[in-house]
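Visitor: Just input-v9.txt, nothing more (compact mmCIF, C-alpha atoms and all ligand atoms):
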# COMPACT_ATOMS: atom_id res chain seq x y z
CA MET A 1 136.69 57.03 67.86
CA PHE A 2 134.41 56.92 64.79
CA ARG A 3 136.37 57.75 61.67
CA THR A 4 134.71 60.15 59.29
CA ALA A 5 137.07 59.79 56.30
CA TRP A 6 139.11 57.00 54.71
CA THR A 7 142.30 57.47 52.70
CA PHE A 8 142.12 55.44 49.48
CA ALA A 9 145.24 56.63 47.60
CA HIS A 10 148.15 59.06 47.61
CA ILE A 11 149.15 61.26 44.65
CA ARG A 12 152.46 63.15 44.90
CA GLY A 13 152.31 62.54 48.66
CA VAL A 14 148.79 64.04 48.99
CA PRO A 15 146.28 61.68 50.64
CA LEU A 16 142.98 61.30 48.76
CA ARG A 17 140.13 60.69 51.19
CA LEU A 18 136.49 59.68 51.03
CA HIS A 19 134.18 61.25 53.61
CA VAL A 20 131.46 59.10 55.15
CA SER A 21 128.76 61.52 53.86
CA LEU A 22 129.46 60.21 50.32
CA LEU A 23 127.85 56.89 51.28
CA PHE A 24 124.55 58.72 51.75
CA ILE A 25 124.70 61.08 48.80
CA LEU A 26 125.87 58.58 46.12
CA PRO A 27 122.62 56.52 46.08
CA LEU A 28 120.57 59.76 46.09
CA ILE A 29 122.46 61.09 43.07
CA ALA A 30 122.18 57.70 41.36
CA MET A 31 118.39 57.74 41.82
CA GLY A 32 118.18 61.38 40.70
CA VAL A 33 120.02 60.54 37.49
CA ALA A 34 118.15 57.28 36.91
CA PHE A 35 114.63 58.61 37.41
CA GLU A 36 114.93 62.30 36.47
CA ALA A 37 117.98 63.50 34.52
CA ALA A 38 118.45 60.47 32.23
CA PRO A 39 114.76 60.06 31.20
CA ARG A 40 114.46 63.83 30.56
CA LEU A 41 117.62 63.92 28.43
CA LEU A 42 116.71 60.79 26.47
CA ALA A 43 113.20 62.13 25.84
CA ARG A 44 114.71 65.31 24.47
CA LEU A 45 116.91 63.23 22.15
CA GLY A 46 113.92 61.21 21.05
CA ILE A 47 115.34 57.98 22.51
CA PRO A 48 112.91 55.81 24.49
CA LEU A 49 114.16 54.92 27.98
CA ASP A 50 113.94 51.17 27.25
CA ALA A 51 116.45 51.60 24.40
CA LEU A 52 119.17 51.61 27.11
CA VAL A 53 120.86 48.22 27.58
CA LEU A 54 121.79 49.09 31.18
CA PRO A 55 119.02 49.35 33.79
CA PRO A 56 118.45 53.09 34.59
CA LEU A 57 119.67 52.62 38.18
CA ALA A 58 122.99 51.13 36.99
CA MET A 59 123.44 54.07 34.62
CA GLY A 60 122.62 56.40 37.54
CA LEU A 61 125.21 54.74 39.77
CA ILE A 62 127.91 54.91 37.06
CA LEU A 63 127.17 58.61 36.56
CA ALA A 64 127.16 59.31 40.31
CA VAL A 65 130.63 57.74 40.58
CA ALA A 66 131.73 59.61 37.43
CA LEU A 67 130.54 62.87 39.04
CA PHE A 68 132.88 62.31 41.98
CA VAL A 69 135.72 61.35 39.63
CA ALA A 70 135.17 64.74 37.93
CA VAL A 71 135.19 66.47 41.34
CA LEU A 72 138.37 64.58 42.30
CA LEU A 73 140.14 65.64 39.07
CA HIS A 74 139.01 69.23 39.74
CA GLU A 75 140.50 69.15 43.26
CA LEU A 76 143.65 67.40 42.03
CA ALA A 77 144.21 70.27 39.58
CA HIS A 78 144.08 72.78 42.47
CA ALA A 79 146.45 70.61 44.53
CA LEU A 80 149.00 69.96 41.77
CA VAL A 81 149.17 73.64 40.78
CA ALA A 82 149.61 74.56 44.48
CA LEU A 83 152.41 71.99 44.89
CA ARG A 84 154.13 73.32 41.77
CA GLN A 85 153.98 76.80 43.26
CA GLY A 86 155.74 75.52 46.40
CA ALA A 87 152.67 75.34 48.69
CA ARG A 88 151.84 72.59 51.18
CA VAL A 89 148.81 70.38 50.54
CA ARG A 90 147.46 68.34 53.46
CA ALA A 91 144.73 66.27 51.78
CA ILE A 92 141.88 66.12 49.28
CA THR A 93 138.59 64.97 50.77
CA LEU A 94 135.54 64.06 48.69
CA MET A 95 132.35 64.76 50.58
CA VAL A 96 128.65 65.49 50.27
CA LEU A 97 128.95 68.99 48.78
CA GLY A 98 131.86 68.15 46.48
CA GLY A 99 135.57 68.18 47.28
CA VAL A 100 137.79 70.03 49.71
CA THR A 101 141.54 70.52 49.20
CA GLU A 102 143.45 71.79 52.24
CA ILE A 103 146.21 74.07 50.95
CA ASP A 104 148.64 76.27 52.89
CA HIS A 105 149.52 79.02 50.43
CA ASP A 106 148.90 82.30 52.28
CA ASP A 107 151.87 83.92 50.54
CA ALA A 108 150.68 83.19 46.98
CA THR A 109 151.08 86.12 44.59
CA PRO A 110 147.85 87.33 42.91
CA GLY A 111 148.96 85.60 39.69
CA GLN A 112 149.61 82.31 41.49
CA ALA A 113 146.27 82.49 43.37
CA LEU A 114 144.42 83.22 40.12
CA TRP A 115 145.93 80.25 38.33
CA MET A 116 145.48 77.93 41.32
CA ALA A 117 141.76 78.81 41.54
CA PHE A 118 141.15 78.55 37.79
CA ALA A 119 142.87 75.14 37.41
CA GLY A 120 139.86 73.30 38.92
CA PRO A 121 137.07 74.67 36.68
CA LEU A 122 139.45 74.43 33.70
CA VAL A 123 139.66 70.65 34.19
CA ASN A 124 135.84 70.43 34.14
CA LEU A 125 135.67 72.58 30.99
CA VAL A 126 138.14 70.23 29.26
CA LEU A 127 136.25 67.11 30.46
CA ALA A 128 132.98 68.66 29.22
CA ALA A 129 134.45 69.45 25.79
CA VAL A 130 135.94 65.96 25.40
CA SER A 131 132.73 64.18 26.52
CA LEU A 132 130.42 66.29 24.36
CA LEU A 133 132.71 65.77 21.35
CA ALA A 134 132.83 62.01 22.06
CA ALA A 135 129.01 62.00 22.14
CA ARG A 136 129.06 62.96 18.43
CA LEU A 137 130.87 59.72 17.55
CA PRO A 138 128.78 56.74 16.45
CA LEU A 139 128.40 55.05 19.85
CA GLY A 140 125.83 52.72 21.37
CA VAL A 141 122.83 54.35 23.06
CA ASP A 142 124.24 53.78 26.57
CA LEU A 143 127.66 55.25 25.82
CA HIS A 144 126.05 58.13 23.93
CA ALA A 145 123.80 58.94 26.91
CA PHE A 146 126.75 58.60 29.31
CA CYS A 147 128.96 60.98 27.29
CA LEU A 148 126.19 63.57 27.05
CA LEU A 149 125.29 63.41 30.74
CA PHE A 150 128.95 63.42 31.84
CA GLY A 151 129.59 66.38 29.55
CA PHE A 152 126.67 68.35 31.02
CA ILE A 153 127.71 67.43 34.59
CA ASN A 154 131.18 68.87 33.93
CA LEU A 155 129.78 71.95 32.23
CA PHE A 156 127.59 72.51 35.30
CA LEU A 157 130.57 71.98 37.67
CA ALA A 158 132.69 74.48 35.73
CA ILE A 159 129.97 77.16 35.53
CA PHE A 160 128.89 76.69 39.16
CA ASN A 161 132.47 76.96 40.46
CA LEU A 162 133.12 80.05 38.35
CA ILE A 163 130.29 82.01 40.05
CA PRO A 164 132.18 84.90 41.72
CA ALA A 165 131.02 84.01 45.25
CA PHE A 166 133.31 82.90 48.07
CA PRO A 167 134.31 80.17 48.84
CA LEU A 168 133.79 79.09 45.20
CA ASP A 169 136.73 79.25 42.78
CA GLY A 170 135.14 82.22 40.98
CA GLY A 171 135.22 84.18 44.26
CA ARG A 172 138.90 83.28 44.76
CA MET A 173 139.66 84.33 41.19
CA LEU A 174 137.87 87.64 41.69
CA LYS A 175 139.83 88.29 44.90
CA ALA A 176 143.12 87.40 43.16
CA ALA A 177 142.29 89.75 40.28
CA LEU A 178 141.41 92.59 42.70
CA ARG A 179 144.69 91.98 44.57
CA PHE A 180 146.61 93.22 41.51
CA LYS A 181 145.30 96.69 42.42
CA LEU A 182 144.23 96.52 46.10
CA PRO A 183 145.71 95.36 49.45
CA GLU A 184 144.61 91.83 50.43
CA GLU A 185 142.05 92.86 53.06
CA SER A 186 140.25 95.32 50.75
CA ALA A 187 140.28 92.79 47.89
CA THR A 188 138.82 90.11 50.18
CA ARG A 189 136.18 92.50 51.54
CA LEU A 190 135.04 93.42 48.01
CA ALA A 191 135.02 89.82 46.75
CA VAL A 192 133.23 88.59 49.88
CA GLY A 193 130.68 91.43 49.65
CA LEU A 194 129.81 90.56 46.07
CA GLY A 195 129.69 86.83 46.93
CA ARG A 196 127.34 87.50 49.84
CA GLY A 197 125.08 89.61 47.63
CA LEU A 198 124.91 86.83 45.05
CA SER A 199 124.26 84.10 47.63
CA LEU A 200 121.53 86.23 49.23
CA LEU A 201 119.88 86.55 45.80
CA GLY A 202 120.23 82.77 45.37
CA LEU A 203 118.67 82.18 48.80
CA ILE A 204 115.68 84.45 48.06
CA PHE A 205 115.25 82.95 44.59
CA GLY A 206 115.48 79.42 46.04
CA LEU A 207 112.90 80.15 48.76
CA VAL A 208 110.47 81.90 46.38
CA ARG A 209 110.72 79.07 43.83
CA GLY A 210 110.55 76.42 46.56
CA ASP A 211 113.97 75.09 45.46
CA LEU A 212 115.33 73.84 48.79
CA PHE A 213 118.63 72.61 47.32
CA LEU A 214 119.45 76.05 45.87
CA ALA A 215 118.50 77.72 49.17
CA ILE A 216 120.82 75.39 51.16
CA VAL A 217 123.75 75.90 48.76
CA ALA A 218 123.22 79.70 48.88
CA LEU A 219 123.18 79.63 52.69
CA PHE A 220 126.37 77.53 52.72
CA LEU A 221 128.09 80.05 50.41
CA PHE A 222 126.90 82.99 52.52
CA THR A 223 128.46 81.60 55.73
CA GLY A 224 131.62 80.37 53.95
CA ALA A 225 132.33 83.89 52.67
CA GLY A 226 132.40 85.29 56.21
CA ALA A 227 134.97 82.71 57.33
CA GLU A 228 137.38 83.79 54.60
CA LEU A 229 137.06 87.46 55.52
CA SER A 230 137.66 86.95 59.25
CA GLN A 231 140.71 84.77 58.53
CA VAL A 232 142.26 87.49 56.35
CA GLN A 233 141.35 90.16 58.94
CA VAL A 234 143.11 88.22 61.72
CA ARG A 235 146.14 87.66 59.47
CA THR A 236 146.37 91.38 58.64
CA ALA A 237 145.92 92.36 62.30
CA LEU A 238 148.80 90.10 63.40
CA ASP A 239 151.23 91.81 61.07
CA GLY A 240 153.99 93.43 63.17
CA LEU A 241 153.10 91.57 66.40
CA ALA A 242 155.48 89.14 68.14
CA ALA A 243 154.89 85.69 69.67
CA ARG A 244 155.05 87.10 73.22
CA GLN A 245 151.94 89.21 72.50
CA ALA A 246 149.69 86.18 71.96
CA MET A 247 150.80 83.69 74.60
CA VAL A 248 149.42 82.43 77.88
CA THR A 249 152.07 82.71 80.58
CA ARG A 250 150.55 80.70 83.44
CA VAL A 251 152.16 77.42 82.43
CA VAL A 252 153.15 74.35 84.46
CA THR A 253 155.54 71.53 83.60
CA VAL A 254 154.46 67.89 83.93
CA GLY A 255 156.22 64.54 83.32
CA PRO A 256 155.15 62.31 80.40
CA ALA A 257 153.96 59.48 82.68
CA ARG A 258 151.51 61.66 84.59
CA PRO A 259 147.83 60.63 84.07
CA ALA A 260 145.46 63.19 82.50
CA THR A 261 143.42 63.59 85.71
CA SER A 262 146.58 64.37 87.65
CA VAL A 263 147.63 66.93 85.01
CA ALA A 264 144.20 68.58 85.35
CA ARG A 265 144.55 68.70 89.17
CA HIS A 266 148.06 70.15 88.86
CA MET A 267 146.87 72.82 86.39
CA LEU A 268 143.91 73.74 88.60
CA PHE A 269 146.10 73.98 91.72
CA HIS A 270 148.55 76.33 90.00
CA ASP A 271 145.84 78.26 88.12
CA ALA A 272 147.61 77.27 84.87
CA GLN A 273 146.31 77.70 81.30
CA ALA A 274 148.66 75.14 79.69
CA ALA A 275 150.96 72.29 80.69
CA ILE A 276 154.29 71.61 78.99
CA VAL A 277 155.10 67.89 78.96
CA ARG A 278 158.83 67.32 79.50
CA ASP A 279 161.36 65.30 81.43
CA HIS A 280 165.09 65.83 81.87
CA THR A 281 165.87 64.45 78.38
CA ARG A 282 163.33 66.15 76.09
CA THR A 283 160.18 68.22 75.63
CA TYR A 284 157.21 66.21 74.32
CA GLY A 285 154.65 68.95 73.67
CA VAL A 286 151.89 71.06 75.19
CA LEU A 287 148.57 70.12 76.77
CA LEU A 288 145.62 72.51 76.97
CA PRO A 289 142.54 71.75 79.13
CA GLU A 290 140.64 70.44 76.06
CA ASP A 291 143.39 67.83 75.44
CA LEU A 292 142.74 66.10 78.78
CA LEU A 293 139.39 64.45 77.92
CA ASP A 294 140.81 60.90 77.86
CA GLU A 295 141.19 60.43 81.61
CA ASP A 296 143.06 57.09 81.36
CA ALA A 297 145.78 58.44 79.07
CA GLU A 298 149.21 59.60 80.19
CA ALA A 299 150.45 63.10 79.39
CA GLY A 300 153.14 61.80 76.98
CA ASP A 301 150.51 59.91 74.90
CA LEU A 302 148.23 62.95 74.60
CA VAL A 303 150.77 65.07 72.70
CA ASP A 304 151.50 64.09 69.10
CA GLY A 305 154.74 64.49 67.16
CA GLU A 306 157.46 67.00 67.88
CA PRO A 307 156.49 70.23 69.67
CA LEU A 308 156.58 73.59 67.85
CA TRP A 309 158.89 76.27 69.25
CA ALA A 310 159.15 80.03 68.74
CA HIS A 311 161.28 82.75 70.27
CA VAL A 312 159.48 85.50 72.24
CA ASP A 313 160.42 88.05 69.57
CA ASP A 314 159.50 85.91 66.52
CA ALA A 315 156.95 87.50 64.18
CA LEU A 316 153.49 86.21 65.12
CA GLY A 317 152.18 85.80 61.54
CA PRO A 318 154.42 82.83 60.54
CA VAL A 319 154.00 81.28 64.02
CA VAL A 320 150.21 81.31 63.66
CA ARG A 321 150.39 79.94 60.12
CA GLU A 322 152.48 76.99 61.33
CA MET A 323 150.12 76.49 64.26
CA ARG A 324 147.02 76.37 62.09
CA TRP A 325 148.70 73.96 59.70
CA THR A 326 149.97 71.53 62.36
CA ARG A 327 146.98 72.14 64.67
CA LYS A 328 149.30 72.40 67.66
CA PRO A 329 150.01 75.15 70.18
CA VAL A 330 153.49 76.71 70.08
CA ILE A 331 155.91 76.80 73.03
CA VAL A 332 157.58 80.19 73.37
CA ARG A 333 161.16 80.31 74.71
CA ASP A 334 163.31 83.20 75.89
CA ASP A 335 166.97 83.94 75.04
CA CYS A 336 168.11 81.18 77.46
CA ASN A 337 165.85 78.59 75.74
CA ILE A 338 163.59 78.47 78.80
CA PRO A 339 159.86 78.03 78.00
CA VAL A 340 158.03 81.18 79.10
CA GLY A 341 154.61 80.73 77.53
CA VAL A 342 152.37 79.02 74.97
CA VAL A 343 150.67 80.60 71.94
CA THR A 344 147.03 79.41 71.80
CA LEU A 345 144.14 80.12 69.38
CA PRO A 346 142.09 82.20 71.89
CA GLU A 347 145.20 84.31 72.64
CA ILE A 348 145.68 84.92 68.90
CA SER A 349 142.08 86.16 68.57
CA ARG A 350 142.57 88.38 71.62
CA ALA A 351 145.79 89.87 70.20
CA ALA A 352 144.15 90.46 66.79
CA ARG A 353 141.15 92.16 68.44
CA LEU A 354 143.40 94.42 70.53
CA ARG A 355 145.43 95.31 67.48
CA ARG A 356 142.34 96.28 65.47
CA LEU A 357 141.02 98.42 68.34
CA ALA A 358 144.43 100.06 68.77
CA ASP A 359 144.70 100.78 65.05
CA ARG A 360 141.27 102.43 64.97
CA ALA A 361 142.71 105.39 66.87
CA LEU A 362 145.28 105.89 64.11
CA GLN A 363 142.80 105.96 61.22
CA PRO A 364 141.46 109.26 59.86
CA GLY A 365 138.22 110.05 61.67
CA GLY A 366 139.22 107.84 64.60
CA ARG A 367 139.86 109.23 68.06
CA PRO A 368 143.28 110.83 68.40
CA VAL A 369 145.97 108.74 70.04
CA GLU A 370 146.34 109.87 73.60
CA SER A 371 149.75 110.41 75.11
CA GLU A 372 151.35 107.05 75.77
CA GLU A 373 152.12 106.09 79.32
CA THR A 374 155.78 105.32 79.56
CA GLY A 375 157.29 103.09 82.17
CA ALA A 376 160.23 104.50 84.05
ZN ZN A 401 137.64 74.32 42.96
Could you render the structure from this file as structure tokens?

Guide:
Amino acid sequence: MFRTAWTFAHIRGVPLRLHVSLLFILPLIAMGVAFEAAPRLLARLGIPLDALVLPPLAMGLILAVALFVAVLLHELAHALVALRQGARVRAITLMVLGGVTEIDHDDATPGQALWMAFAGPLVNLVLAAVSLLAARLPLGVDLHAFCLLFGFINLFLAIFNLIPAFPLDGGRMLKAALRFKLPEESATRLAVGLGRGLSLLGLIFGLVRGDLFLAIVALFLFTGAGAELSQVQVRTALDGLAARQAMVTRVVTVGPARPATSVARHMLFHDAQAAIVRDHTRTYGVLLPEDLLDEDAEAGDLVDGEPLWAHVDDALGPVVREMRWTRKPVIVRDDCNIPVGVVTLPEISRAARLRRLADRALQPGGRPVESEETGA
């Protein structure tokens, strides 16, 4: 399969990865700096472009790389603060629209979330201050131009990320600040609402001014905000539910040496939604229909690592969190350790939807709860 990201280093156990989209954006940024930003800045400083020792394109390339170093340091700050707070960090990936740090810290306190979000822009503010101060030293023209441009790049990164619009750091900070006073869902709804309003303004402004880049970024922010809200809504809805309420129960058992096509036939014959791979010595994992695409593979090769287990009565929230982090379905066992079902993502959405509909009847203004049917 075509790989989309390469790991180039590890820091405190966190893989640092480069996404393939960087290969396309780096030359574009280099050219933008070489033919637009650098000449404009130098003109403003009264320095002719040919005073540079380096060719403009080389200066552009150095600054494009420096931009991604600044983004990497920004993401590293988020990751290191998260690790210090006891969170799990999967990876930092540098890509076309900046960096992404995958952090599992759903239980962060408002204070922790605020600090974790602010750490990134803070790094850029410090880099900007250091570079702009260094630019005041008696340096050669090239170094002087580099320090100024690098300083402005970091100032831009800090200010842009502090805009209070999800999923930017400013939006996360706003949500964390609101959480001091409000429950998480209300805080998210408010922060996301403001973020959406701002990105809509950005989109309109971008379209009116013919600034396509601004319009694309605004659109990206608008859709990103919705994702955060629905994630928090699902998490809130799962509160109080158990694993048995979000599992498929039509499950078959297959041996690890069984080919994928045979597993598919077996599942179809028994009208099953999932297949647990096990033999008499151990359980290997779970296969869902979408895992069976490689028809030559055997069932045991299609599951990766150790399977996740939960008891039927385990709280669903932590089960789902573990599932999202490991990207694996969870096998649910009963009191006798017998597998009785599998928690899957569609079942989680179904349970969350049911819970929200059920809760509507309990809210003021909602329809009164009708008498419950009770089984004999
Ligand atoms: Zn950030």

Visitor: Can I get the residues of stretch 89-200 of chain A within 8 Å of stretch 37-56 of chain A, each with the closest pair of atoms and their distance in Å to one decimal, using only C-alpha atoms, sorted chain first then ascending number, as JSON lines?

Guide:
{"residue": "A:Val141", "atom": "CA", "partner": "A:Leu52", "partner_atom": "CA", "distance": 6.1}
{"residue": "A:Asp142", "atom": "CA", "partner": "A:Leu52", "partner_atom": "CA", "distance": 5.5}
{"residue": "A:Ala145", "atom": "CA", "partner": "A:Leu42", "partner_atom": "CA", "distance": 7.3}
{"residue": "A:Leu149", "atom": "CA", "partner": "A:Ala38", "partner_atom": "CA", "distance": 7.6}

Visitor: Quick one: distance from atom CA of A:Leu221 to atom CA of A:Arg353 in Å, one decimal?

Guide: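 Between atom CA of A:Leu221 and atom CA of A:Arg353 the gap works out to 25.3 Å.
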
Visitor: Identify, counting all atoms listed in the file, the protein, DNA and RNA residues located within 10 Å of ligand ZN 401 (chain A), and give them as a count of residues only.

Guide: 32

Visitor: Tell me which of A:Thr188, A:Leu57, A:Glu102, A:Ala274 sits closest to A:Phe35, counting all atoms listed in the file.

Guide: A:Leu57

Visitor: Rounded to one decimal place, report the atom CA of A:Leu67-atom CA of A:Gly224 distance in Å.

Guide: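 Computing the Euclidean distance for atom CA of A:Leu67 and atom CA of A:Gly224 yields 23.0 Å.
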
Visitor: A:Trp6, A:Trp115, A:Phe68, A:Phe24: which is nearest A:Ala177, counting only C-alpha atoms?

Guide: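 Smallest separation from A:Ala177 among the options: A:Trp115.
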
Visitor: Tell me which of A:Thr326, A:Gln273, A:Asn337, A:Thr223 sits closest to A:Thr249, counting all atoms listed in the file.

Guide: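 Going through A:Thr326, A:Gln273, A:Asn337, A:Thr223 one by one, the smallest distance to A:Thr249 is for A:Gln273.
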
Visitor: So what do you get for atom CA of A:Phe8 versus atom CA of A:Leu94, distance-wise?

Guide: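 If I compute the distance from atom CA of A:Phe8 to atom CA of A:Leu94, I get 10.9 Å.
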
Visitor: Please provide as a ChimeraX atom specification all residues within 12 Å of stretch 133-139 of chain A, with the sequence filter that same-chain residues fewer than 5 positions apart are discarded (counting all atoms listed in the file).

Guide: /A:126-128,144-152

Visitor: Determine the nearest neighbour of A:Ala243 from the options A:Arg209, A:His280, A:Arg258, A:His311, counting only C-alpha atoms.

Guide: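 Result for the nearest residue to A:Ala243: A:His311.
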
Visitor: For stretch 295-302 of chain A, please output as an MDAnalysis selection string all residues within 8 Å (counting all atoms listed in the file; exclusion window: fewer than 6 positions along the same chain).

Guide: chainID A and resid 254:261 263 277 284 287
